[in-house]
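For reference, my_file25.txt (compact mmCIF, C-alpha atoms):
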# COMPACT_ATOMS: atom_id res chain seq x y z
CA MET A 42 37.76 -62.03 4.65
CA LYS A 43 39.89 -63.56 1.89
CA ASN A 44 39.39 -67.00 3.41
CA PHE A 45 35.66 -66.43 3.65
CA PHE A 46 35.37 -65.64 -0.06
CA LEU A 47 37.63 -68.58 -0.89
CA PHE A 48 35.34 -70.86 1.10
CA LEU A 49 32.24 -69.44 -0.63
CA PHE A 50 33.85 -70.03 -4.01
CA LEU A 51 34.88 -73.61 -3.16
CA ALA A 52 31.47 -74.43 -1.63
CA PHE A 53 29.76 -73.12 -4.75
CA LEU A 54 32.07 -75.18 -6.96
CA SER A 55 31.44 -78.28 -4.84
CA LEU A 56 27.69 -77.80 -5.15
CA ILE A 57 27.81 -77.38 -8.92
CA PHE A 58 30.13 -80.35 -9.42
CA GLN A 59 28.14 -82.50 -7.00
CA PHE A 60 25.11 -82.05 -9.25
CA ILE A 61 27.03 -82.48 -12.50
CA LEU A 62 29.04 -85.51 -11.37
CA THR A 63 25.90 -87.17 -10.01
CA GLY A 64 24.37 -86.88 -13.47
CA TRP A 65 27.48 -88.38 -15.08
CA MET A 66 28.59 -90.99 -12.58
CA GLY A 67 25.42 -91.81 -10.60
CA LYS A 68 26.10 -93.57 -7.32
CA TRP A 69 29.87 -93.67 -7.95
CA THR A 70 30.06 -89.92 -7.28
CA GLY A 71 31.97 -88.93 -4.18
CA ASP A 72 30.89 -86.57 -1.45
CA LEU A 73 32.59 -83.33 -2.54
CA PHE A 74 31.50 -81.46 0.58
CA PHE A 75 33.11 -84.12 2.77
CA ILE A 76 36.35 -83.70 0.82
CA LEU A 77 36.20 -79.90 1.11
CA VAL A 78 35.58 -80.02 4.88
CA LEU A 79 38.30 -82.59 5.42
CA LEU A 80 40.98 -80.71 3.50
CA TRP A 81 39.99 -77.33 4.91
CA SER A 82 40.13 -78.44 8.52
CA TYR A 83 43.31 -80.47 7.93
CA TYR A 84 45.15 -77.37 6.80
CA ARG A 85 43.34 -74.59 8.69
CA GLY A 86 42.51 -75.90 12.16
CA TRP A 87 39.52 -76.92 14.23
CA LYS A 88 37.63 -73.61 14.38
CA GLU A 89 37.45 -73.06 10.64
CA GLY A 90 36.93 -76.81 10.21
CA ALA A 91 33.87 -76.77 12.45
CA LEU A 92 32.39 -73.69 10.77
CA VAL A 93 33.10 -74.96 7.26
CA GLY A 94 31.70 -78.37 8.19
CA PHE A 95 28.52 -76.86 9.60
CA SER A 96 28.01 -74.55 6.57
CA CYS A 97 28.72 -77.28 4.01
CA GLY A 98 26.39 -79.60 5.90
CA ILE A 99 23.57 -77.06 5.75
CA ILE A 100 24.06 -76.66 1.97
CA LYS A 101 24.07 -80.44 1.54
CA ASP A 102 20.95 -80.81 3.67
CA ILE A 103 19.09 -78.17 1.64
CA PHE A 104 19.91 -79.69 -1.73
CA PHE A 105 20.22 -83.41 -1.12
CA PHE A 106 18.63 -84.52 2.16
CA PRO A 107 15.02 -84.80 3.36
CA LEU A 108 16.05 -83.96 6.94
CA MET A 109 17.81 -80.69 7.81
CA GLY A 110 20.79 -80.79 10.15
CA VAL A 111 22.02 -84.35 9.54
CA ASN A 112 24.99 -83.37 7.41
CA ALA A 113 25.52 -80.15 9.38
CA PHE A 114 26.09 -82.32 12.46
CA SER A 115 28.23 -84.99 10.82
CA LEU A 116 30.42 -82.64 8.78
CA CYS A 117 30.91 -80.26 11.72
CA PHE A 118 32.04 -83.26 13.77
CA VAL A 119 34.32 -84.40 10.95
CA GLY A 120 35.80 -80.87 10.72
CA VAL A 121 36.75 -80.78 14.40
CA LEU A 122 37.97 -84.36 14.47
CA THR A 123 40.22 -83.90 11.42
CA SER A 124 42.27 -81.11 12.99
CA GLU A 125 42.24 -82.95 16.31
CA LEU A 126 43.69 -86.08 14.68
CA LYS A 127 46.29 -84.02 12.87
CA SER A 128 47.37 -82.12 15.98
CA ARG A 129 47.58 -85.24 18.14
CA ILE A 130 49.30 -87.54 15.65
CA TYR A 131 51.17 -85.09 13.47
CA GLN A 132 52.55 -86.90 10.44
CA GLU A 133 52.65 -85.37 7.04
CA ASN A 134 52.77 -88.50 4.98
CA VAL A 135 50.15 -89.85 2.65
CA ILE A 136 49.65 -93.15 4.48
CA PHE A 137 48.66 -91.37 7.67
CA PHE A 138 46.44 -89.05 5.67
CA PHE A 139 44.88 -92.05 3.90
CA PHE A 140 43.91 -93.58 7.26
CA VAL A 141 42.58 -90.24 8.53
CA VAL A 142 40.35 -89.91 5.46
CA GLY A 143 39.15 -93.51 5.73
CA THR A 144 38.36 -93.20 9.43
CA LEU A 145 36.54 -89.90 9.06
CA PHE A 146 34.57 -91.13 6.05
CA LEU A 147 33.45 -94.09 8.14
CA ILE A 148 32.50 -91.81 11.07
CA ASN A 149 30.56 -89.50 8.74
CA GLY A 150 28.63 -92.45 7.30
CA PHE A 151 28.04 -93.82 10.81
CA LEU A 152 26.52 -90.52 12.02
CA ILE A 153 24.28 -90.17 8.94
CA ALA A 154 23.11 -93.78 9.30
CA CYS A 155 22.38 -93.21 13.01
CA PHE A 156 20.23 -90.13 12.38
CA LEU A 157 18.34 -91.69 9.48
CA PHE A 158 17.68 -94.73 11.65
CA ILE A 159 16.38 -92.55 14.50
CA PHE A 160 14.22 -90.20 12.43
CA HIS A 161 13.22 -92.22 9.36
CA HIS A 162 13.71 -95.84 10.59
CA PHE A 163 16.16 -96.60 7.80
CA PRO A 164 18.05 -99.82 8.67
CA PHE A 165 21.42 -98.80 10.06
CA PHE A 166 23.70 -101.13 8.09
CA TYR A 167 21.77 -100.62 4.87
CA THR A 168 22.26 -96.84 5.06
CA LEU A 169 25.88 -97.14 6.13
CA GLY A 170 26.56 -99.54 3.27
CA GLY A 171 24.75 -97.25 0.83
CA TYR A 172 26.90 -94.33 1.94
CA LEU A 173 30.21 -96.19 1.87
CA TYR A 174 29.79 -98.26 -1.27
CA PRO A 175 30.70 -97.56 -4.03
CA SER A 176 31.64 -93.91 -3.46
CA PHE A 177 34.42 -94.74 -0.95
CA LEU A 178 36.93 -95.11 -3.78
CA PHE A 179 36.30 -91.55 -4.94
CA ASN A 180 36.09 -90.14 -1.41
CA ILE A 181 39.37 -91.66 -0.27
CA ILE A 182 41.45 -91.40 -3.42
CA ALA A 183 40.51 -87.80 -4.35
CA PRO A 184 41.66 -86.15 -1.04
CA CYS A 185 44.85 -88.25 -1.05
CA CYS A 186 45.64 -87.05 -4.59
CA ILE A 187 45.05 -83.42 -3.58
CA PHE A 188 47.21 -83.97 -0.48
CA LEU A 189 50.05 -85.48 -2.55
CA ALA A 190 49.83 -82.70 -5.16
CA ARG A 191 49.98 -80.04 -2.44
CA GLU A 192 52.91 -81.68 -0.65
CA THR A 193 54.85 -82.06 -3.90
CA LEU A 194 54.22 -78.42 -4.77
CA LYS A 195 55.30 -77.35 -1.28
CA LYS A 196 58.55 -79.30 -1.54
CA LYS A 197 59.32 -77.76 -4.92
CA VAL A 198 58.74 -74.23 -3.62
CA ILE A 199 60.94 -74.89 -0.57
CA SER A 200 63.73 -76.38 -2.70
CA GLN A 201 63.74 -73.26 -4.91
CA PHE A 202 64.60 -71.11 -1.93
CA MET B 118 35.64 -68.12 44.26
CA THR B 119 36.85 -70.01 41.29
CA GLY B 120 34.47 -70.40 38.33
CA ILE B 121 34.30 -73.43 36.05
CA LYS B 122 36.59 -72.96 33.06
CA ILE B 123 34.99 -74.17 29.85
CA ASN B 124 37.22 -75.22 26.99
CA PRO B 125 36.40 -72.84 24.06
CA LYS B 126 36.92 -75.64 21.54
CA PHE B 127 34.40 -77.80 23.34
CA SER B 128 31.81 -75.04 23.80
CA PHE B 129 32.07 -73.81 20.19
CA THR B 130 31.75 -77.32 18.76
CA ALA B 131 28.94 -78.18 21.16
CA PHE B 132 27.05 -75.04 20.12
CA LEU B 133 27.23 -76.00 16.41
CA LEU B 134 26.30 -79.62 17.09
CA LEU B 135 23.35 -78.63 19.26
CA THR B 136 22.17 -76.22 16.55
CA SER B 137 22.30 -79.10 14.05
CA LEU B 138 20.28 -81.29 16.39
CA LEU B 139 17.72 -78.51 16.81
CA LEU B 140 17.45 -78.19 13.02
CA MET B 141 16.86 -81.94 12.78
CA LEU B 142 14.07 -81.85 15.34
CA VAL B 143 12.36 -78.85 13.70
CA SER B 144 12.73 -80.43 10.26
CA TYR B 145 11.34 -83.75 11.53
CA LYS B 146 8.37 -82.23 13.39
CA ASN B 147 7.50 -79.73 10.66
CA PRO B 148 8.95 -80.72 7.23
CA ALA B 149 7.08 -77.84 5.52
CA PHE B 150 9.15 -75.34 7.53
CA PHE B 151 12.23 -75.80 5.33
CA LEU B 152 10.40 -76.65 2.12
CA ALA B 153 10.33 -73.01 1.00
CA ILE B 154 14.15 -72.84 1.16
CA LYS B 155 14.43 -76.17 -0.66
CA LYS B 156 12.07 -74.98 -3.40
CA ARG B 157 14.23 -71.92 -4.06
CA GLY B 158 17.32 -74.08 -4.16
CA TYR B 159 15.65 -76.48 -6.53
CA PHE B 160 15.89 -74.03 -9.45
CA LEU B 161 19.68 -74.30 -9.38
CA GLY B 162 19.57 -78.04 -8.82
CA ASN B 163 17.11 -78.62 -11.61
CA SER B 164 19.15 -76.57 -14.09
CA LEU B 165 22.39 -78.33 -13.16
CA TYR B 166 20.83 -81.79 -13.25
CA SER B 167 19.34 -80.98 -16.65
CA PHE B 168 22.70 -79.71 -17.89
CA SER B 169 24.47 -82.77 -16.53
CA PHE B 170 22.05 -85.25 -18.03
CA ALA B 171 21.86 -83.27 -21.27
CA SER B 172 25.65 -83.26 -21.66
CA LYS B 173 25.81 -87.00 -20.99
CA LYS B 174 23.01 -87.61 -23.45
CA THR B 175 24.63 -85.35 -26.04
CA LEU B 176 27.73 -87.49 -26.00
CA SER B 177 25.77 -90.69 -26.49
CA ASP B 178 23.61 -88.99 -29.11
CA PHE B 179 26.72 -87.92 -30.99
CA ILE B 180 27.82 -91.52 -31.33
CA GLU B 181 24.32 -92.58 -32.21
CA SER B 182 23.84 -89.85 -34.82
CA ALA B 183 26.90 -91.12 -36.66
CA ILE B 184 24.88 -94.21 -37.40
CA GLN B 185 21.38 -92.81 -37.69
CA ALA B 186 20.03 -89.75 -39.47
CA LYS B 187 18.68 -87.05 -37.19
CA LYS B 188 15.26 -87.04 -38.73
CA ILE B 189 14.75 -90.74 -38.31
CA LYS B 190 15.83 -90.45 -34.72
CA GLU B 191 13.27 -87.76 -33.92
CA GLU B 192 10.57 -89.77 -35.57
CA ASN B 193 11.73 -92.79 -33.65
CA LYS B 194 11.51 -90.88 -30.37
CA LEU B 195 7.94 -89.82 -31.06
CA LEU B 196 6.94 -93.31 -32.07
CA LYS B 197 8.66 -94.75 -29.02
CA GLU B 198 6.67 -92.46 -26.79
CA GLU B 199 3.44 -93.50 -28.46
CA ILE B 200 4.34 -97.18 -28.23
CA GLU B 201 5.21 -96.86 -24.55
CA LYS B 202 1.84 -95.24 -23.88
CA PHE B 203 0.17 -98.03 -25.82
CA ILE B 204 2.11 -100.74 -23.97
CA PHE B 205 1.24 -99.14 -20.66
CA ASN B 206 -2.46 -99.13 -21.49
CA GLN B 207 -2.27 -102.65 -22.84
CA LYS B 208 -0.47 -103.99 -19.80
CA ASN B 209 -2.41 -102.12 -17.18
CA TYR B 210 -5.74 -101.39 -18.73
CA TYR B 211 -6.55 -104.23 -21.12
CA ARG B 212 -5.22 -107.08 -18.98
CA GLU B 213 -7.04 -105.77 -15.95
CA ILE B 214 -10.25 -105.19 -17.88
CA GLU B 215 -10.13 -108.69 -19.32
CA ILE B 216 -9.93 -110.31 -15.91
CA GLU B 217 -12.44 -107.90 -14.49
CA ASN B 218 -14.83 -108.63 -17.36
CA GLN B 219 -14.77 -112.33 -16.63
CA ARG B 220 -15.51 -111.71 -12.97
CA LEU B 221 -18.13 -109.08 -13.45
CA LYS B 222 -19.94 -110.93 -16.21
CA LYS B 223 -20.62 -113.66 -13.71
CA LEU B 224 -22.19 -111.13 -11.41
CA LEU B 225 -24.07 -109.47 -14.29
CA ASP B 226 -22.79 -106.17 -13.09
CA PHE B 227 -20.83 -104.69 -15.95
CA LYS B 228 -18.64 -101.76 -15.20
CA LYS B 229 -16.75 -100.02 -17.99
CA LYS B 230 -13.22 -98.92 -17.32
CA GLU B 231 -11.55 -96.11 -19.18
CA PRO B 232 -7.88 -95.61 -20.08
CA TYR B 233 -5.66 -93.23 -18.22
CA ASP B 234 -4.68 -89.76 -19.37
CA LEU B 235 -0.89 -89.61 -19.25
CA LEU B 236 1.60 -86.75 -19.10
CA THR B 237 5.08 -87.60 -20.37
CA ALA B 238 8.07 -86.52 -18.28
CA GLU B 239 11.79 -87.12 -18.53
CA VAL B 240 13.98 -88.26 -15.66
CA VAL B 241 16.54 -85.50 -15.07
CA GLY B 242 18.24 -86.59 -11.87
CA TYR B 243 18.91 -89.04 -9.10
CA PRO B 244 19.92 -88.28 -5.51
CA PRO B 245 23.64 -88.74 -4.84
CA GLN B 246 22.89 -91.05 -1.90
CA ASN B 247 21.87 -94.45 -3.12
CA PHE B 248 19.81 -95.24 0.00
CA PHE B 249 17.07 -92.77 -1.00
CA LYS B 250 15.22 -94.25 -3.97
CA THR B 251 13.93 -91.07 -5.56
CA ILE B 252 14.16 -89.44 -8.99
CA TYR B 253 13.73 -85.92 -10.32
CA ILE B 254 11.53 -85.28 -13.37
CA ASN B 255 11.30 -82.27 -15.67
CA LYS B 256 7.57 -81.59 -15.25
CA GLY B 257 6.33 -79.44 -12.39
CA LYS B 258 3.59 -77.22 -11.09
CA ILE B 259 3.24 -75.25 -14.34
CA ASP B 260 2.57 -78.50 -16.21
CA GLY B 261 -0.18 -79.45 -13.78
CA VAL B 262 1.81 -81.84 -11.60
CA LYS B 263 0.47 -82.22 -8.07
CA LYS B 264 1.68 -83.95 -4.93
CA ASN B 265 0.79 -87.66 -4.65
CA MET B 266 0.27 -88.06 -8.40
CA ALA B 267 0.95 -91.60 -9.56
CA VAL B 268 4.02 -92.07 -11.77
CA VAL B 269 4.22 -94.99 -14.18
CA SER B 270 6.35 -96.25 -17.05
CA SER B 271 5.41 -98.55 -19.91
CA GLU B 272 6.40 -101.45 -17.65
CA GLY B 273 4.24 -100.53 -14.66
CA LEU B 274 4.11 -98.49 -11.46
CA VAL B 275 7.15 -96.32 -10.73
CA GLY B 276 6.11 -94.32 -7.64
CA LYS B 277 4.41 -91.13 -6.60
CA VAL B 278 5.20 -87.42 -6.60
CA VAL B 279 6.37 -86.28 -3.17
CA GLU B 280 7.60 -82.74 -3.84
CA VAL B 281 6.45 -80.36 -6.57
CA TYR B 282 8.54 -77.45 -7.83
CA PRO B 283 7.63 -74.92 -10.54
CA LYS B 284 9.43 -76.75 -13.36
CA GLY B 285 10.15 -80.12 -11.81
CA ALA B 286 9.13 -82.66 -9.24
CA LYS B 287 10.61 -85.28 -6.95
CA VAL B 288 9.26 -88.81 -7.25
CA MET B 289 9.58 -91.43 -4.53
CA LEU B 290 10.00 -94.86 -6.13
CA ILE B 291 8.03 -97.86 -4.87
CA ILE B 292 11.33 -99.49 -3.85
CA ASP B 293 12.10 -96.71 -1.34
CA ARG B 294 11.89 -97.89 2.26
CA ARG B 295 9.34 -95.15 3.02
CA SER B 296 7.01 -96.25 0.20
CA LYS B 297 3.75 -98.08 0.91
CA VAL B 298 1.33 -99.02 -1.89
CA GLY B 299 -2.09 -100.65 -1.58
CA VAL B 300 -2.02 -103.66 -3.93
CA ARG B 301 -4.01 -106.69 -4.96
CA ILE B 302 -3.01 -110.10 -6.32
CA GLN B 303 -4.58 -110.00 -9.77
CA ARG B 304 -5.59 -113.68 -9.91
CA THR B 305 -6.91 -114.22 -6.39
CA ARG B 306 -7.98 -110.61 -5.62
CA ASP B 307 -6.28 -110.71 -2.19
CA ILE B 308 -5.40 -107.28 -0.85
CA GLY B 309 -2.11 -106.31 0.81
CA ILE B 310 0.38 -103.49 1.25
CA LEU B 311 3.56 -103.41 -0.77
CA GLU B 312 6.53 -101.94 1.08
CA GLY B 313 9.85 -100.96 -0.45
CA THR B 314 13.04 -102.54 0.83
CA GLY B 315 15.54 -100.29 -0.91
CA ASN B 316 16.43 -103.22 -3.17
CA PRO B 317 15.37 -102.56 -6.80
CA GLU B 318 14.81 -106.29 -7.32
CA SER B 319 12.48 -107.00 -4.42
CA CYS B 320 9.64 -105.49 -2.37
CA THR B 321 7.77 -106.97 0.58
CA LEU B 322 4.06 -107.70 0.29
CA LYS B 323 2.49 -107.53 3.74
CA TYR B 324 -0.80 -108.59 5.30
CA ILE B 325 -1.58 -111.46 2.92
CA LEU B 326 -3.36 -114.13 4.94
CA THR B 327 -1.71 -117.56 5.18
CA LYS B 328 -4.86 -119.19 3.79
CA ALA B 329 -4.64 -117.08 0.59
CA ASN B 330 -3.65 -119.19 -2.40
CA ILE B 331 -0.74 -117.11 -3.70
CA LYS B 332 1.53 -118.65 -6.29
CA MET B 333 4.87 -117.69 -7.80
CA ASN B 334 4.64 -115.30 -10.79
CA ASP B 335 1.15 -114.10 -9.81
CA TYR B 336 0.70 -110.54 -11.06
CA VAL B 337 0.45 -107.81 -8.39
CA VAL B 338 -1.56 -104.71 -9.33
CA THR B 339 -2.59 -101.57 -7.49
CA SER B 340 -5.80 -101.96 -5.49
CA GLY B 341 -6.87 -98.32 -5.82
CA LEU B 342 -7.94 -98.32 -2.18
CA GLY B 343 -5.52 -95.66 -0.99
CA GLU B 344 -6.87 -93.23 -3.61
CA VAL B 345 -3.29 -92.27 -4.58
CA PHE B 346 -2.80 -94.88 -7.29
CA PRO B 347 -5.53 -95.78 -9.79
CA GLU B 348 -6.73 -99.36 -9.71
CA GLY B 349 -5.15 -102.09 -11.83
CA ILE B 350 -1.66 -100.76 -12.57
CA VAL B 351 0.92 -103.55 -12.76
CA VAL B 352 3.36 -103.32 -9.86
CA GLY B 353 5.25 -106.57 -10.31
CA TYR B 354 4.95 -110.29 -9.79
CA VAL B 355 5.31 -112.63 -6.85
CA SER B 356 8.90 -113.86 -6.65
CA SER B 357 8.75 -115.86 -3.40
CA VAL B 358 6.12 -117.14 -0.98
CA LYS B 359 6.80 -118.45 2.51
CA LYS B 360 4.01 -119.90 4.61
CA LYS B 361 4.67 -120.56 8.27
CA PRO B 362 2.28 -122.73 10.25
CA ASN B 363 0.42 -120.90 13.05
CA TYR B 364 1.16 -117.51 11.51
CA ILE B 365 -1.71 -115.24 10.37
CA PHE B 366 0.17 -113.76 7.43
CA GLN B 367 2.50 -115.27 4.88
CA GLU B 368 5.81 -113.77 3.74
CA VAL B 369 5.54 -112.66 0.13
CA LYS B 370 8.26 -111.03 -1.95
CA VAL B 371 7.41 -109.13 -5.13
CA LYS B 372 9.77 -108.36 -8.00
CA PRO B 373 8.87 -104.92 -9.42
CA ALA B 374 7.82 -104.86 -13.06
CA VAL B 375 9.83 -101.70 -13.70
CA ASN B 376 13.57 -101.78 -14.32
CA PHE B 377 14.55 -98.78 -12.16
CA GLY B 378 18.10 -98.74 -13.45
CA ARG B 379 16.95 -97.86 -16.96
CA LEU B 380 14.29 -95.23 -16.28
CA GLU B 381 14.47 -92.43 -18.83
CA GLU B 382 10.87 -91.50 -19.51
CA VAL B 383 7.91 -91.77 -17.18
CA PHE B 384 4.24 -90.88 -17.32
CA LEU B 385 2.19 -89.05 -14.75
CA ILE B 386 -1.43 -90.12 -14.44
CA ILE B 387 -3.36 -86.86 -14.51
CA ARG B 388 -6.99 -87.92 -14.49
CA LYS B 389 -9.38 -90.32 -16.10
CA LYS B 390 -10.90 -89.24 -19.39
Using structure tokens, write down the structure from this file.
Amino acid sequence: MKNFFLFLFLAFLSLIFQFILTGWMGKWTGDLFFILVLLWSYYRGWKEGALVGFSCGIIKDIFFFPLMGVNAFSLCFVGVLTSELKSRIYQENVIFFFFVVGTLFLINGFLIACFLFIFHHFPFFYTLGGYLYPSFLFNIIAPCCIFLARETLKKKVISQF
Amino acid sequence: MTGIKINPKFSFTAFLLLTSLLLMLVSYKNPAFFLAIKKRGYFLGNSLYSFSFASKKTLSDFIESAIQAKKIKEENKLLKEEIEKFIFNQKNYYREIEIENQRLKKLLDFKKKEPYDLLTAEVVGYPPQNFFKTIYINKGKIDGVKKNMAVVSSEGLVGKVVEVYPKGAKVMLIIDRRSKVGVRIQRTRDIGILEGTGNPESCTLKYILTKANIKMNDYVVTSGLGEVFPEGIVVGYVSSVKKKPNYIFQEVKVKPAVNFGRLEEVFLIIRKK
């Protein structure tokens, strides 16, 4: 129950900041829901990752997309894949995490571009490019910074004991 | 008898993914089905977009107000609005009427055109994905905004209203890939359809016959044939023409008249006076 309320709080924050940052930064804004799903499933496993991905996707579809279900699909997939990658190649260093984020960001963009091509005939590479550039900087650097901050904090707590 | 053992991870993920696909199909077949949910959500979005844009504007205003007095600025804003309306009418109404006059005088069939009645709206948001070319404005149903209303700026045609909310609306720009506008070459009167490419600097003008004498920098205006956009609004000018032998149509590119990166204020065409 505690986790559920924490998720609700973080999803609400992501939604608010997604709107506010879009107004400030325009197309340079990152995908805050992608970051939330990625970090949640990285630390909490595939089941919560899938559920969080699906829920965040639905919120994103309602507020930002003309077609329902596109982000629900892609973020759910990203949620499961994140924990899968972590469990198969377990390495808690930032370089590995950096590659995980990059790969999953690419997969997320690929899925969105596929669905928009199928349903709205948007050119595939145009949509993929529009998703990746220029927000990839934000989307890759922000989770890596959170990851580093968390790891540093964890090491400090361990060293105290 | 041994049953087939299904991996719970696979079945749970598959269930969520299939649900997403089902949502996509329902949303695609019947877009109105989810519109009610989106409309409710728009209140929050509209408020946050307004807050975001307002805070950004406040910061720039603060710097500006250090140089200019507040009163002069307000007066300037009002005058700017009036000038933009005037420029719009001059560009779209007077130029069109002048050419039309010359043509109609020859036919001795004079037809008087009247200026447009405009409703001013401010741009309050953009979508976070830069492959959808849409904007959000701060005028909605309570201001008399309706779906498919033409949206213009002082420079020319901006797009049309695609979704209307109580206090706001979503406008699809002419550069969006889903946009199609019935247009006419102002000089030659050839009719075509202008399609967005997603590129703010270029649109494709389709169905212009190869024999049509299109030249670079020819003005492109709305034809008024689709009954969405009034006739004679400047859309842009011809930026490239490619004629291929044995082809029925020529390839024409049009540079939009509006600078979509700088849109702050737009006008909605309500009705003719």
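Checking A:Cys155, A:Leu173, A:Leu62, A:Ala190 one by one against Val135 of chain A, counting only C-alpha atoms, you find the shortest gap at A:Ala190.
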Chain B contacts on chain A, only C-alpha atoms, 6 Å, as a list in words
Phe60, Ile61, Thr63, Gly64, Lys68, Ile103, Leu108, Met109, Gly110, Ala113, Phe114, Thr168 and Gly171 of chain A
Skip Phe166 of chain A itself and residues of its chain fewer than 4 positions away, then list as a list in words all residues within 9 Å of it, counting all atoms listed in the file.
Phe151, Ala154, Gly170 and Gly171 of chain A
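Distance annotation: of B:Gln367, B:Ala149, B:Ser271, B:Leu236, the residue with the minimal separation from Lys197 of chain B is B:Ser271; atom set is all atoms listed in the file.
Residues in contact with Lys323 of chain B at 12 Å, where only C-alpha atoms are counted and same-chain residues fewer than 2 positions away are skipped, are listed as Lys297, Val298, Gly299, Val300, Arg301, Ile302, Asp307, Ile308, Gly309, Ile310, Leu311, Glu312, Gly313, Cys320, Thr321, Ile325, Leu326, Thr327, Val358, Lys359, Ile365, Phe366, Gln367, Glu368, Val369, Lys370 and Val371 of chain B.
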Compile the contact shell of Gly285 of chain B as a PDB file with C-alpha atoms, in the coordinates of the input: residues with an atom at most 9 Å away, counting only C-alpha atoms, same-chain residues fewer than 5 positions apart removed.
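Full text of selection.pdb as output:
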ATOM      1  CA  TYR B 159      15.650 -76.480  -6.530  1.00  0.00           C
ATOM      2  CA  PHE B 160      15.890 -74.030  -9.450  1.00  0.00           C
ATOM      3  CA  ASN B 163      17.110 -78.620 -11.610  1.00  0.00           C
ATOM      4  CA  VAL B 241      16.540 -85.500 -15.070  1.00  0.00           C
ATOM      5  CA  TYR B 253      13.730 -85.920 -10.320  1.00  0.00           C
ATOM      6  CA  ILE B 254      11.530 -85.280 -13.370  1.00  0.00           C
ATOM      7  CA  ASN B 255      11.300 -82.270 -15.670  1.00  0.00           C
ATOM      8  CA  LYS B 256       7.570 -81.590 -15.250  1.00  0.00           C
ATOM      9  CA  GLY B 257       6.330 -79.440 -12.390  1.00  0.00           C
ATOM     10  CA  LYS B 258       3.590 -77.220 -11.090  1.00  0.00           C
ATOM     11  CA  ILE B 259       3.240 -75.250 -14.340  1.00  0.00           C
ATOM     12  CA  ASP B 260       2.570 -78.500 -16.210  1.00  0.00           C
ATOM     13  CA  VAL B 262       1.810 -81.840 -11.600  1.00  0.00           C
ATOM     14  CA  GLU B 280       7.600 -82.740  -3.840  1.00  0.00           C
TER      15      GLU B 280
END
Find the spatial neighbours of segment 89-92 of chain A, counting only C-alpha atoms, within a cut-off of 7 Å - ignore same-chain residues fewer than 2 positions away - and output them as an MDAnalysis selection string.
(chainID A and resid 78 81:82 85:87 94:96 117:118 120:121) or (chainID B and resid 130)
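Computed from the coordinates, the atom CA of Phe132 of chain B to atom CA of Ser115 of chain A distance equals 13.7 Å.
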Out of A:Leu54, A:Ile199, A:Met66, A:Leu80, which residue has the shortest atom-to-atom distance to Thr123 of chain A when counting only C-alpha atoms?
A:Leu80
Which residues come within 12 Å of Lys263 of chain B, counting only C-alpha atoms, excluding same-chain residues fewer than 2 positions away, as a PyMOL selection string?
chain B and resi 236+256-261+265-268+277-288+345+385-388
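Between atom CA of Glu201 of chain B and atom CA of Gly341 of chain B lies a distance of 22.3 Å.
Nearest to Gly276 of chain B of all the residues B:Gln303, B:Thr339, B:Asn206, B:Ser357 is B:Thr339, counting only C-alpha atoms.
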Find the residues with any atom within 7 Å of (43.5, -91.4, 0.4); use all atoms listed in the file and the coordinates as given in the file, and write the answer as JSON, numbers by chain.
{"A": [138, 139, 142, 181, 182, 183, 184, 185, 186]}
Using only the atoms of segment 119-132 of chain A listed in the file, plus 3 Å on each side, state the axis-aligned box centre and edge lengths in Å rounded to one decimal, as AutoDock Vina command-line options.
--center_x 43.4 --center_y -84.2 --center_z 14.3 --size_x 24.2 --size_y 12.8 --size_z 13.7
May I have the protein, DNA and RNA residues with any atom at most 10 Å from the point (33.1, -90.1, 10.7), counting all atoms listed in the file, written as number ranges by chain?
A: 75, 115-116, 118-120, 122-123, 141-153
Between atom CA of Trp69 of chain A and atom CA of Asn134 of chain A, what is the spacing in Å?
26.8 Å
Once N, CA and C atoms are restored for segment 235-242 of chain B, what would the output be as a compact mmCIF listing (two decimals), keeping the file's coordinate frame?
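Ended up saving to part-v2.txt:
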# COMPACT_ATOMS: atom_id res chain seq x y z
N LEU B 235 -2.28 -89.62 -19.72
CA LEU B 235 -0.89 -89.61 -19.25
C LEU B 235 -0.13 -88.35 -19.67
N LEU B 236 0.73 -87.88 -18.79
CA LEU B 236 1.60 -86.75 -19.10
C LEU B 236 3.04 -87.27 -19.11
N THR B 237 3.71 -87.08 -20.25
CA THR B 237 5.08 -87.60 -20.37
C THR B 237 6.07 -86.69 -19.65
N ALA B 238 7.00 -87.29 -18.95
CA ALA B 238 8.07 -86.52 -18.28
C ALA B 238 9.38 -87.27 -18.42
N GLU B 239 10.46 -86.50 -18.43
CA GLU B 239 11.79 -87.12 -18.53
C GLU B 239 12.47 -87.13 -17.17
N VAL B 240 13.22 -88.19 -16.92
CA VAL B 240 13.98 -88.26 -15.66
C VAL B 240 15.22 -87.39 -15.83
N VAL B 241 15.39 -86.41 -14.92
CA VAL B 241 16.54 -85.50 -15.07
C VAL B 241 17.56 -85.66 -13.94
N GLY B 242 17.25 -86.45 -12.93
CA GLY B 242 18.24 -86.59 -11.87
C GLY B 242 17.93 -87.67 -10.87
